[in-house]
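Note: the block below is entry-v8.cif and it holds mmCIF, C-alpha atoms.
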```cif
data_entry
#
loop_
_atom_site.group_PDB
_atom_site.id
_atom_site.type_symbol
_atom_site.label_atom_id
_atom_site.label_comp_id
_atom_site.auth_asym_id
_atom_site.auth_seq_id
_atom_site.Cartn_x
_atom_site.Cartn_y
_atom_site.Cartn_z
ATOM 1 C CA MET A 1 19.317 14.023 -18.775
ATOM 2 C CA SER A 2 21.420 15.307 -15.887
ATOM 3 C CA TYR A 3 24.220 16.875 -17.913
ATOM 4 C CA VAL A 4 23.340 20.317 -19.270
ATOM 5 C CA LEU A 5 25.260 21.297 -22.402
ATOM 6 C CA ARG A 6 26.363 24.942 -22.485
ATOM 7 C CA GLY A 7 28.635 26.445 -25.130
ATOM 8 C CA PRO A 8 30.566 29.692 -24.518
ATOM 9 C CA VAL A 9 31.503 32.276 -27.133
ATOM 10 C CA LEU A 10 34.421 30.857 -29.145
ATOM 11 C CA GLN A 11 36.652 33.481 -30.762
ATOM 12 C CA GLY A 12 38.925 32.841 -33.716
ATOM 13 C CA THR A 13 40.638 35.020 -36.296
ATOM 14 C CA LEU A 14 38.285 34.227 -39.191
ATOM 15 C CA VAL A 15 35.094 33.381 -37.303
ATOM 16 C CA ARG A 16 33.421 33.975 -33.960
ATOM 17 C CA LEU A 17 30.912 31.439 -32.684
ATOM 18 C CA GLU A 18 28.173 33.147 -30.671
ATOM 19 C CA PRO A 19 25.420 31.295 -28.796
ATOM 20 C CA LEU A 20 22.431 31.441 -31.142
ATOM 21 C CA GLU A 21 19.752 34.028 -30.324
ATOM 22 C CA GLN A 22 16.830 35.623 -32.115
ATOM 23 C CA ARG A 23 18.992 38.735 -32.667
ATOM 24 C CA HIS A 24 20.833 36.700 -35.311
ATOM 25 C CA ALA A 25 17.650 36.023 -37.295
ATOM 26 C CA ALA A 26 17.783 38.803 -39.900
ATOM 27 C CA GLU A 27 21.340 38.113 -41.043
ATOM 28 C CA LEU A 28 20.835 34.343 -40.816
ATOM 29 C CA ALA A 29 17.854 34.681 -43.166
ATOM 30 C CA VAL A 30 20.010 36.517 -45.713
ATOM 31 C CA ALA A 31 22.757 33.890 -45.418
ATOM 32 C CA ALA A 32 20.316 31.044 -45.933
ATOM 33 C CA GLU A 33 19.060 32.455 -49.239
ATOM 34 C CA GLU A 34 22.386 33.273 -50.949
ATOM 35 C CA ASN A 35 22.654 30.086 -52.991
ATOM 36 C CA ARG A 36 20.961 26.926 -51.817
ATOM 37 C CA GLY A 37 22.605 24.595 -54.306
ATOM 38 C CA SER A 38 24.671 22.771 -51.659
ATOM 39 C CA TYR A 39 21.819 22.177 -49.188
ATOM 40 C CA ALA A 40 20.131 19.145 -50.760
ATOM 41 C CA PHE A 41 20.637 16.908 -47.716
ATOM 42 C CA THR A 42 20.985 19.539 -44.976
ATOM 43 C CA TRP A 43 18.463 21.235 -42.684
ATOM 44 C CA VAL A 44 18.785 24.886 -43.706
ATOM 45 C CA PRO A 45 15.723 27.103 -43.176
ATOM 46 C CA ARG A 46 14.252 29.371 -45.807
ATOM 47 C CA ALA A 47 14.292 33.056 -44.883
ATOM 48 C CA HIS A 48 10.684 32.991 -43.663
ATOM 49 C CA GLU A 49 11.436 29.944 -41.500
ATOM 50 C CA VAL A 50 14.425 31.354 -39.619
ATOM 51 C CA ASP A 51 12.500 32.582 -36.563
ATOM 52 C CA ALA A 52 10.927 29.154 -36.118
ATOM 53 C CA TYR A 53 14.291 27.484 -36.797
ATOM 54 C CA ILE A 54 15.942 29.484 -34.009
ATOM 55 C CA ASP A 55 13.025 28.776 -31.662
ATOM 56 C CA ALA A 56 13.385 25.048 -32.361
ATOM 57 C CA GLN A 57 17.108 25.126 -31.646
ATOM 58 C CA LEU A 58 16.588 27.123 -28.450
ATOM 59 C CA ALA A 59 13.941 24.620 -27.332
ATOM 60 C CA ARG A 60 16.487 21.828 -27.764
ATOM 61 C CA ALA A 61 19.039 23.939 -25.890
ATOM 62 C CA ALA A 62 16.605 24.295 -22.998
ATOM 63 C CA THR A 63 16.682 20.518 -22.517
ATOM 64 C CA GLY A 64 20.472 20.585 -22.181
ATOM 65 C CA SER A 65 20.996 18.398 -25.245
ATOM 66 C CA LEU A 66 22.110 21.148 -27.665
ATOM 67 C CA ALA A 67 24.337 24.224 -27.617
ATOM 68 C CA PRO A 68 23.558 26.091 -30.880
ATOM 69 C CA TYR A 69 25.775 28.759 -32.404
ATOM 70 C CA ALA A 70 25.627 31.498 -35.002
ATOM 71 C CA GLN A 71 28.782 31.629 -37.133
ATOM 72 C CA VAL A 72 29.953 35.239 -37.535
ATOM 73 C CA SER A 73 32.527 36.034 -40.217
ATOM 74 C CA LEU A 74 35.147 38.387 -38.833
ATOM 75 C CA ALA A 75 35.937 39.680 -42.314
ATOM 76 C CA ASP A 76 32.747 41.755 -42.315
ATOM 77 C CA GLY A 77 30.873 40.949 -39.100
ATOM 78 C CA ARG A 78 28.051 39.123 -40.893
ATOM 79 C CA VAL A 79 26.264 36.050 -39.579
ATOM 80 C CA VAL A 80 27.083 33.449 -42.231
ATOM 81 C CA GLY A 81 25.655 30.229 -40.830
ATOM 82 C CA ALA A 82 24.986 28.025 -37.852
ATOM 83 C CA THR A 83 26.482 25.053 -36.021
ATOM 84 C CA ALA A 84 26.086 23.335 -32.654
ATOM 85 C CA TYR A 85 27.300 20.953 -30.033
ATOM 86 C CA TRP A 86 24.793 18.128 -29.792
ATOM 87 C CA GLU A 87 24.029 14.963 -27.779
ATOM 88 C CA PRO A 88 26.424 15.019 -24.818
ATOM 89 C CA ARG A 89 27.108 11.505 -23.559
ATOM 90 C CA CYS A 90 28.224 10.787 -20.008
ATOM 91 C CA TRP A 91 29.166 7.140 -19.767
ATOM 92 C CA ARG A 92 31.405 7.088 -16.701
ATOM 93 C CA ALA A 93 29.740 9.690 -14.482
ATOM 94 C CA GLU A 94 26.643 11.861 -14.768
ATOM 95 C CA ASP A 95 28.629 15.080 -14.379
ATOM 96 C CA ARG A 96 31.465 14.172 -16.770
ATOM 97 C CA MET A 97 30.947 14.357 -20.499
ATOM 98 C CA ASP A 98 32.742 11.615 -22.410
ATOM 99 C CA ALA A 99 31.572 12.403 -25.946
ATOM 100 C CA VAL A 100 29.710 15.055 -27.909
ATOM 101 C CA GLU A 101 28.636 15.577 -31.495
ATOM 102 C CA VAL A 102 29.252 18.634 -33.652
ATOM 103 C CA GLY A 103 26.328 19.047 -35.998
ATOM 104 C CA PHE A 104 23.485 21.189 -37.364
ATOM 105 C CA THR A 105 26.176 22.924 -39.437
ATOM 106 C CA TRP A 106 25.590 25.047 -42.524
ATOM 107 C CA LEU A 107 27.236 28.046 -44.155
ATOM 108 C CA ALA A 108 26.167 30.673 -46.652
ATOM 109 C CA ALA A 109 27.583 30.047 -50.119
ATOM 110 C CA SER A 110 29.851 33.103 -49.840
ATOM 111 C CA ALA A 111 31.458 31.730 -46.659
ATOM 112 C CA GLN A 112 32.174 28.275 -48.047
ATOM 113 C CA GLY A 113 35.819 27.717 -48.895
ATOM 114 C CA THR A 114 36.972 30.776 -46.918
ATOM 115 C CA GLY A 115 38.360 28.986 -43.871
ATOM 116 C CA VAL A 116 35.333 29.740 -41.703
ATOM 117 C CA ASN A 117 34.363 26.067 -41.502
ATOM 118 C CA ALA A 118 37.915 24.921 -40.767
ATOM 119 C CA GLU A 119 38.399 27.430 -37.957
ATOM 120 C CA ALA A 120 34.932 26.844 -36.520
ATOM 121 C CA LYS A 121 35.732 23.138 -36.261
ATOM 122 C CA LEU A 122 39.110 23.941 -34.696
ATOM 123 C CA LEU A 123 37.382 26.085 -32.062
ATOM 124 C CA LEU A 124 34.672 23.526 -31.353
ATOM 125 C CA PHE A 125 37.019 20.552 -31.225
ATOM 126 C CA ARG A 126 39.585 22.367 -29.092
ATOM 127 C CA HIS A 127 37.018 23.433 -26.512
ATOM 128 C CA ALA A 128 35.508 19.944 -26.358
ATOM 129 C CA PHE A 129 38.826 18.148 -25.933
ATOM 130 C CA GLU A 130 40.806 20.691 -23.929
ATOM 131 C CA GLU A 131 38.146 22.319 -21.727
ATOM 132 C CA TRP A 132 35.509 19.617 -21.360
ATOM 133 C CA GLY A 133 37.974 16.734 -21.558
ATOM 134 C CA VAL A 134 35.880 14.566 -23.858
ATOM 135 C CA SER A 135 37.252 11.322 -25.249
ATOM 136 C CA ARG A 136 35.518 11.673 -28.600
ATOM 137 C CA VAL A 137 33.859 14.220 -30.887
ATOM 138 C CA ASP A 138 31.699 12.829 -33.654
ATOM 139 C CA LEU A 139 30.007 14.182 -36.748
ATOM 140 C CA LYS A 140 27.456 12.619 -39.069
ATOM 141 C CA THR A 141 25.841 13.381 -42.398
ATOM 142 C CA ASP A 142 23.526 11.814 -44.933
ATOM 143 C CA ALA A 143 25.524 8.974 -46.474
ATOM 144 C CA ARG A 144 24.613 10.330 -49.945
ATOM 145 C CA ASN A 145 26.037 13.782 -49.214
ATOM 146 C CA ASP A 146 29.459 13.556 -50.850
ATOM 147 C CA ARG A 147 30.132 17.273 -50.377
ATOM 148 C CA SER A 148 29.507 17.139 -46.647
ATOM 149 C CA ARG A 149 31.507 13.933 -46.255
ATOM 150 C CA ALA A 150 34.486 15.542 -47.977
ATOM 151 C CA ALA A 151 34.210 18.636 -45.767
ATOM 152 C CA ILE A 152 34.126 16.509 -42.616
ATOM 153 C CA GLU A 153 37.160 14.509 -43.701
ATOM 154 C CA SER A 154 38.979 17.763 -44.539
ATOM 155 C CA VAL A 155 38.893 18.825 -40.872
ATOM 156 C CA GLY A 156 40.476 15.580 -39.740
ATOM 157 C CA ALA A 157 37.554 13.390 -38.731
ATOM 158 C CA ARG A 158 37.895 9.674 -39.474
ATOM 159 C CA PHE A 159 35.148 7.798 -41.298
ATOM 160 C CA GLU A 160 33.805 4.994 -39.103
ATOM 161 C CA GLY A 161 31.005 3.566 -41.204
ATOM 162 C CA VAL A 162 27.374 3.962 -42.240
ATOM 163 C CA LEU A 163 24.486 3.396 -39.854
ATOM 164 C CA ARG A 164 21.381 2.441 -41.796
ATOM 165 C CA ASN A 165 18.021 4.138 -41.113
ATOM 166 C CA TRP A 166 19.799 6.124 -38.416
ATOM 167 C CA SER A 167 18.005 9.485 -38.497
ATOM 168 C CA ARG A 168 15.391 11.494 -40.336
ATOM 169 C CA SER A 169 16.034 12.628 -43.881
ATOM 170 C CA TRP A 170 16.266 16.344 -44.675
ATOM 171 C CA ALA A 171 16.271 15.795 -48.439
ATOM 172 C CA PRO A 172 13.446 17.484 -50.388
ATOM 173 C CA GLY A 173 10.483 15.183 -50.919
ATOM 174 C CA GLU A 174 11.603 12.761 -48.206
ATOM 175 C CA ASP A 175 9.485 13.970 -45.284
ATOM 176 C CA GLY A 176 8.801 11.106 -42.922
ATOM 177 C CA ARG A 177 11.617 8.982 -44.333
ATOM 178 C CA LEU A 178 14.819 7.863 -42.633
ATOM 179 C CA ARG A 179 18.311 8.226 -44.012
ATOM 180 C CA ASP A 180 21.524 6.251 -43.753
ATOM 181 C CA SER A 181 24.072 8.296 -41.797
ATOM 182 C CA ALA A 182 27.820 8.335 -42.429
ATOM 183 C CA ILE A 183 29.604 8.560 -39.064
ATOM 184 C CA PHE A 184 32.940 10.307 -38.499
ATOM 185 C CA ALA A 185 34.908 11.007 -35.320
ATOM 186 C CA ILE A 186 38.072 12.325 -33.730
ATOM 187 C CA THR A 187 39.284 10.754 -30.487
ATOM 188 C CA ALA A 188 41.284 12.362 -27.700
ATOM 189 C CA GLU A 189 44.317 10.307 -28.707
ATOM 190 C CA GLU A 190 44.118 11.662 -32.266
ATOM 191 C CA TRP A 191 43.410 15.245 -31.281
ATOM 192 C CA PRO A 192 46.985 16.643 -30.929
ATOM 193 C CA GLU A 193 47.843 15.595 -34.491
ATOM 194 C CA ARG A 194 44.490 16.763 -35.858
ATOM 195 C CA ARG A 195 44.839 20.092 -34.033
ATOM 196 C CA GLU A 196 48.213 20.795 -35.635
ATOM 197 C CA ALA A 197 46.863 19.969 -39.097
ATOM 198 C CA LEU A 198 43.817 22.184 -38.591
ATOM 199 C CA GLN A 199 45.935 25.045 -37.288
ATOM 200 C CA ARG A 200 48.119 24.854 -40.405
ATOM 201 C CA ARG A 201 45.040 24.794 -42.599
ATOM 202 C CA VAL A 202 43.494 27.818 -40.898
ATOM 203 C CA ALA A 203 46.815 29.680 -41.100
ATOM 204 C CA GLY A 204 46.812 29.099 -44.853
ATOM 205 C CA PHE A 205 43.364 30.613 -45.184
ATOM 206 C CA ARG A 206 44.433 33.532 -42.990
ATOM 207 C CA THR A 207 47.464 34.207 -45.170
ATOM 208 C CA ALA A 208 45.362 34.045 -48.332
ATOM 209 C CA THR A 209 42.825 36.459 -46.853
ATOM 210 C CA ALA A 210 45.538 38.935 -45.838
ATOM 211 C CA ALA A 211 47.014 38.843 -49.354
ATOM 212 C CA ARG A 212 43.760 39.950 -51.019
#
```
Using structure tokens, write down the structure that the file contains.
Amino acid sequence: MSYVLRGPVLQGTLVRLEPLEQRHAAELAVAAEENRGSYAFTWVPRAHEVDAYIDAQLARAATGSLAPYAQVSLADGRVVGATAYWEPRCWRAEDRMDAVEVGFTWLAASAQGTGVNAEAKLLLFRHAFEEWGVSRVDLKTDARNDRSRAAIESVGARFEGVLRNWSRSWAPGEDGRLRDSAIFAITAEEWPERREALQRRVAGFRTATAAR
């Protein structure tokens, strides 16, 4: 791969996305153990696995195929989850990225429904479309994961279909098995409308937070 994916710090008003490092491990371990009820189909490490999890993500980053982030809640400065840019695709020129995926995303239970996910996606999408000039950002999840599918649709991504046996399963008891993946995307043509909707959504969360 000739294109090397690098993600800068992305600053919002509810969340800051910091390039993932081992210094995030202690708080990430706490976040991962809050309540694991929503992680049935998602790769979320146990507390004792966080160091190895970060090492694995940094190894992918070293190949240029991944730019992993820690999600830091600005309400209290805690690390509340992780996300990443993933699989840059350069179809027209080796030094020009045409598409990228946003994935490897999870949040602590206490951060879900707070606007952190919505603003993190706004930051990631905006940088990809407006700084890198991509034509498409895509997201995928286990086709059985209704919660994740709803969350992806809530940030404006369009469902494009299910690819069968597309990637490994992260579901408990399914080691070595493949899953069907539901594919979603936003294109550059759709981005201005999606950006406005996401900005309104984040503003609503910000207003609700200020009123508490």
Problem - Residue neighbourhood segment 115-131 of chain A, 6 Å, all atoms listed in the file, exclusion window fewer than 5 positions, as a VMD selection string - result: chain A and resid 14 to 15 202 205
Exercise for the section: State, in Å with one decimal place, the distance from atom CA of Thr114 of chain A to atom CA of Leu17 of chain A. Expected result: 15.5 Å
Handout entry: Surrounding residues of segment 46-55 of chain A excluding itself and chain neighbours under 2 positions, 9 Å, all atoms listed in the file, as JSON, numbers by chain
Key = {"A": [20, 21, 22, 24, 25, 26, 28, 29, 30, 31, 32, 33, 44, 57, 58, 59, 60, 68]}
Exercise for the section: Counting only C-alpha atoms, figure out which residue out of A:Tyr69, A:Trp86, A:Trp166, A:Phe41 gets nearest to Leu5 of chain A. Expected result: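 For Leu5 of chain A, the nearest of the candidates is A:Trp86.
Run against this file, the PyMOL selection byres ((chain A and resi 197) around 12) gives back Ala118, Glu119, Lys121, Leu122, Ser154, Val155, Gly156, Ala157, Glu190, Trp191, Pro192, Glu193, Arg194, Arg195, Glu196, Leu198, Gln199, Arg200, Arg201, Val202, Ala203 and Gly204 of chain A.
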Exercise for the section: Show which residues sit within 8 Å of Ala82 of chain A, as number ranges by chain. Count all atoms listed in the file, and ignore same-chain residues fewer than 2 positions away. Expected result: A: 20, 68-71, 80, 84, 104-107
Could you spell out the hits of the PyMOL selection byres ((chain A and resi 99) around 9) on the shown file, as a PDB file with C-alpha atoms, keeping the file's coordinate frame?
```pdb
ATOM      1  CA  GLU A  87      24.029  14.963 -27.779  1.00  0.00           C
ATOM      2  CA  PRO A  88      26.424  15.019 -24.818  1.00  0.00           C
ATOM      3  CA  ARG A  89      27.108  11.505 -23.559  1.00  0.00           C
ATOM      4  CA  CYS A  90      28.224  10.787 -20.008  1.00  0.00           C
ATOM      5  CA  TRP A  91      29.166   7.140 -19.767  1.00  0.00           C
ATOM      6  CA  MET A  97      30.947  14.357 -20.499  1.00  0.00           C
ATOM      7  CA  ASP A  98      32.742  11.615 -22.410  1.00  0.00           C
ATOM      8  CA  VAL A 100      29.710  15.055 -27.909  1.00  0.00           C
ATOM      9  CA  GLU A 101      28.636  15.577 -31.495  1.00  0.00           C
ATOM     10  CA  ALA A 128      35.508  19.944 -26.358  1.00  0.00           C
ATOM     11  CA  GLY A 133      37.974  16.734 -21.558  1.00  0.00           C
ATOM     12  CA  VAL A 134      35.880  14.566 -23.858  1.00  0.00           C
ATOM     13  CA  SER A 135      37.252  11.322 -25.249  1.00  0.00           C
ATOM     14  CA  ARG A 136      35.518  11.673 -28.600  1.00  0.00           C
ATOM     15  CA  VAL A 137      33.859  14.220 -30.887  1.00  0.00           C
ATOM     16  CA  ASP A 138      31.699  12.829 -33.654  1.00  0.00           C
TER      17      ASP A 138
END
```
Apply the PyMOL selection byres ((chain A and resi 8) around 9) to the displayed file and report the matching residues as an mmCIF file with C-alpha atoms, keeping the file's coordinate frame.
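What landed in out_15.cif:
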```cif
data_model
loop_
_atom_site.group_PDB
_atom_site.id
_atom_site.type_symbol
_atom_site.label_atom_id
_atom_site.label_comp_id
_atom_site.auth_asym_id
_atom_site.auth_seq_id
_atom_site.Cartn_x
_atom_site.Cartn_y
_atom_site.Cartn_z
ATOM 1 C CA ARG A 6 26.363 24.942 -22.485
ATOM 2 C CA GLY A 7 28.635 26.445 -25.130
ATOM 3 C CA VAL A 9 31.503 32.276 -27.133
ATOM 4 C CA LEU A 10 34.421 30.857 -29.145
ATOM 5 C CA LEU A 17 30.912 31.439 -32.684
ATOM 6 C CA GLU A 18 28.173 33.147 -30.671
ATOM 7 C CA PRO A 19 25.420 31.295 -28.796
ATOM 8 C CA ALA A 67 24.337 24.224 -27.617
#
```
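With distances restricted to all atoms listed in the file, A:Val102 is the closest residue to Ile152 of chain A from A:Val102, A:Leu74, A:Ala108, A:Leu178.
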Handout entry: Between atom CA of Asp180 of chain A and atom CA of Asp142 of chain A, distance in Å (one decimal)
Key = 6.0 Å
Practice task
State, in Å with one decimal place, the distance from atom CA of Ala75 of chain A to atom CA of Gly12 of chain A.
Solution key: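 Rounded to one decimal, the two atoms are 11.4 Å apart.
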Handout entry: Glu153 of chain A surroundings by all atoms listed in the file, 8 Å radius, close-in-sequence under 5 positions cut, as a list in words
Key =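 What passes the distance filter is Arg158, Phe159 and Phe184 of chain A.
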Practice task
Point out the residue among A:Lys140, A:Arg206, A:Arg177, A:Arg147 with the least atom-to-atom distance to Leu163 of chain A, counting only C-alpha atoms.
Solution key: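 Residue with the minimum atom-to-atom distance to Leu163 of chain A: A:Lys140.
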Exercise for the section: Write out as a list in words which residues come within 7 Å of Trp170 of chain A when counting all atoms listed in the file, dropping same-chain ones fewer than 4 positions away. Expected result: Phe41, Thr42, Trp43 and Glu174 of chain A
Please rebuild segment 33-44 of chain A with all heavy atoms and give the result as a PDB file, keeping the file's coordinate frame.
```pdb
ATOM      1  N   GLU A  33      19.621  32.308 -47.899  1.00  0.00           N
ATOM      2  CA  GLU A  33      19.060  32.455 -49.239  1.00  0.00           C
ATOM      3  C   GLU A  33      20.096  32.789 -50.312  1.00  0.00           C
ATOM      4  O   GLU A  33      19.741  32.961 -51.474  1.00  0.00           O
ATOM      5  CB  GLU A  33      17.977  33.548 -49.224  1.00  0.00           C
ATOM      6  CG  GLU A  33      16.744  33.189 -48.406  1.00  0.00           C
ATOM      7  CD  GLU A  33      15.942  32.055 -49.020  1.00  0.00           C
ATOM      8  OE1 GLU A  33      16.137  31.739 -50.205  1.00  0.00           O
ATOM      9  OE2 GLU A  33      15.100  31.476 -48.300  1.00  0.00           O
ATOM     10  N   GLU A  34      21.381  32.869 -49.959  1.00  0.00           N
ATOM     11  CA  GLU A  34      22.386  33.273 -50.949  1.00  0.00           C
ATOM     12  C   GLU A  34      22.399  32.360 -52.180  1.00  0.00           C
ATOM     13  O   GLU A  34      22.251  32.793 -53.307  1.00  0.00           O
ATOM     14  CB  GLU A  34      23.773  33.277 -50.299  1.00  0.00           C
ATOM     15  CG  GLU A  34      24.055  34.522 -49.496  1.00  0.00           C
ATOM     16  CD  GLU A  34      25.512  34.589 -49.073  1.00  0.00           C
ATOM     17  OE1 GLU A  34      26.320  33.732 -49.494  1.00  0.00           O
ATOM     18  OE2 GLU A  34      25.847  35.506 -48.331  1.00  0.00           O
ATOM     19  N   ASN A  35      22.634  31.100 -51.928  1.00  0.00           N
ATOM     20  CA  ASN A  35      22.654  30.086 -52.991  1.00  0.00           C
ATOM     21  C   ASN A  35      22.454  28.749 -52.306  1.00  0.00           C
ATOM     22  O   ASN A  35      23.330  28.298 -51.551  1.00  0.00           O
ATOM     23  CB  ASN A  35      23.977  30.104 -53.751  1.00  0.00           C
ATOM     24  CG  ASN A  35      24.000  29.079 -54.884  1.00  0.00           C
ATOM     25  OD1 ASN A  35      23.293  28.068 -54.854  1.00  0.00           O
ATOM     26  ND2 ASN A  35      24.813  29.320 -55.896  1.00  0.00           N
ATOM     27  N   ARG A  36      21.322  28.123 -52.566  1.00  0.00           N
ATOM     28  CA  ARG A  36      20.961  26.926 -51.817  1.00  0.00           C
ATOM     29  C   ARG A  36      21.373  25.628 -52.533  1.00  0.00           C
ATOM     30  O   ARG A  36      20.925  24.551 -52.174  1.00  0.00           O
ATOM     31  CB  ARG A  36      19.458  26.946 -51.537  1.00  0.00           C
ATOM     32  CG  ARG A  36      19.043  28.145 -50.686  1.00  0.00           C
ATOM     33  CD  ARG A  36      17.559  28.118 -50.371  1.00  0.00           C
ATOM     34  NE  ARG A  36      17.180  26.953 -49.605  1.00  0.00           N
ATOM     35  CZ  ARG A  36      17.221  26.865 -48.272  1.00  0.00           C
ATOM     36  NH1 ARG A  36      17.673  27.894 -47.559  1.00  0.00           N
ATOM     37  NH2 ARG A  36      16.831  25.770 -47.658  1.00  0.00           N
ATOM     38  N   GLY A  37      22.242  25.751 -53.503  1.00  0.00           N
ATOM     39  CA  GLY A  37      22.605  24.595 -54.306  1.00  0.00           C
ATOM     40  C   GLY A  37      23.305  23.486 -53.552  1.00  0.00           C
ATOM     41  O   GLY A  37      23.284  22.334 -53.989  1.00  0.00           O
ATOM     42  N   SER A  38      23.934  23.800 -52.402  1.00  0.00           N
ATOM     43  CA  SER A  38      24.671  22.771 -51.659  1.00  0.00           C
ATOM     44  C   SER A  38      23.883  22.215 -50.478  1.00  0.00           C
ATOM     45  O   SER A  38      24.430  21.473 -49.661  1.00  0.00           O
ATOM     46  CB  SER A  38      26.001  23.343 -51.148  1.00  0.00           C
ATOM     47  OG  SER A  38      25.773  24.392 -50.230  1.00  0.00           O
ATOM     48  N   TYR A  39      22.587  22.550 -50.376  1.00  0.00           N
ATOM     49  CA  TYR A  39      21.819  22.177 -49.188  1.00  0.00           C
ATOM     50  C   TYR A  39      20.879  20.985 -49.395  1.00  0.00           C
ATOM     51  O   TYR A  39      19.952  20.781 -48.616  1.00  0.00           O
ATOM     52  CB  TYR A  39      20.971  23.364 -48.708  1.00  0.00           C
ATOM     53  CG  TYR A  39      21.740  24.607 -48.325  1.00  0.00           C
ATOM     54  CD1 TYR A  39      21.136  25.852 -48.412  1.00  0.00           C
ATOM     55  CD2 TYR A  39      23.045  24.540 -47.887  1.00  0.00           C
ATOM     56  CE1 TYR A  39      21.818  27.008 -48.053  1.00  0.00           C
ATOM     57  CE2 TYR A  39      23.739  25.687 -47.537  1.00  0.00           C
ATOM     58  CZ  TYR A  39      23.119  26.916 -47.615  1.00  0.00           C
ATOM     59  OH  TYR A  39      23.793  28.059 -47.267  1.00  0.00           O
ATOM     60  N   ALA A  40      21.103  20.185 -50.406  1.00  0.00           N
ATOM     61  CA  ALA A  40      20.131  19.145 -50.760  1.00  0.00           C
ATOM     62  C   ALA A  40      19.841  18.170 -49.627  1.00  0.00           C
ATOM     63  O   ALA A  40      18.730  17.646 -49.527  1.00  0.00           O
ATOM     64  CB  ALA A  40      20.620  18.379 -51.987  1.00  0.00           C
ATOM     65  N   PHE A  41      20.827  17.899 -48.775  1.00  0.00           N
ATOM     66  CA  PHE A  41      20.637  16.908 -47.716  1.00  0.00           C
ATOM     67  C   PHE A  41      20.725  17.516 -46.321  1.00  0.00           C
ATOM     68  O   PHE A  41      20.816  16.794 -45.329  1.00  0.00           O
ATOM     69  CB  PHE A  41      21.703  15.805 -47.841  1.00  0.00           C
ATOM     70  CG  PHE A  41      21.665  15.070 -49.157  1.00  0.00           C
ATOM     71  CD1 PHE A  41      22.607  15.332 -50.136  1.00  0.00           C
ATOM     72  CD2 PHE A  41      20.697  14.108 -49.415  1.00  0.00           C
ATOM     73  CE1 PHE A  41      22.586  14.656 -51.352  1.00  0.00           C
ATOM     74  CE2 PHE A  41      20.664  13.435 -50.618  1.00  0.00           C
ATOM     75  CZ  PHE A  41      21.606  13.703 -51.587  1.00  0.00           C
ATOM     76  N   THR A  42      20.715  18.846 -46.234  1.00  0.00           N
ATOM     77  CA  THR A  42      20.985  19.539 -44.976  1.00  0.00           C
ATOM     78  C   THR A  42      19.790  20.372 -44.540  1.00  0.00           C
ATOM     79  O   THR A  42      19.107  20.973 -45.367  1.00  0.00           O
ATOM     80  CB  THR A  42      22.212  20.468 -45.150  1.00  0.00           C
ATOM     81  OG1 THR A  42      23.303  19.710 -45.659  1.00  0.00           O
ATOM     82  CG2 THR A  42      22.622  21.107 -43.839  1.00  0.00           C
ATOM     83  N   TRP A  43      19.558  20.422 -43.223  1.00  0.00           N
ATOM     84  CA  TRP A  43      18.463  21.235 -42.684  1.00  0.00           C
ATOM     85  C   TRP A  43      18.905  22.691 -42.634  1.00  0.00           C
ATOM     86  O   TRP A  43      19.617  23.121 -41.735  1.00  0.00           O
ATOM     87  CB  TRP A  43      18.090  20.750 -41.286  1.00  0.00           C
ATOM     88  CG  TRP A  43      16.940  21.517 -40.676  1.00  0.00           C
ATOM     89  CD1 TRP A  43      15.870  22.062 -41.323  1.00  0.00           C
ATOM     90  CD2 TRP A  43      16.752  21.809 -39.283  1.00  0.00           C
ATOM     91  NE1 TRP A  43      15.017  22.680 -40.429  1.00  0.00           N
ATOM     92  CE2 TRP A  43      15.531  22.537 -39.169  1.00  0.00           C
ATOM     93  CE3 TRP A  43      17.471  21.532 -38.131  1.00  0.00           C
ATOM     94  CZ2 TRP A  43      15.041  22.981 -37.940  1.00  0.00           C
ATOM     95  CZ3 TRP A  43      16.985  21.969 -36.909  1.00  0.00           C
ATOM     96  CH2 TRP A  43      15.781  22.685 -36.822  1.00  0.00           C
ATOM     97  N   VAL A  44      18.512  23.449 -43.641  1.00  0.00           N
ATOM     98  CA  VAL A  44      18.785  24.886 -43.706  1.00  0.00           C
ATOM     99  C   VAL A  44      17.451  25.577 -43.932  1.00  0.00           C
ATOM    100  O   VAL A  44      16.767  25.328 -44.935  1.00  0.00           O
ATOM    101  CB  VAL A  44      19.753  25.230 -44.850  1.00  0.00           C
ATOM    102  CG1 VAL A  44      20.021  26.735 -44.877  1.00  0.00           C
ATOM    103  CG2 VAL A  44      21.069  24.455 -44.686  1.00  0.00           C
TER     104      VAL A  44
END
```
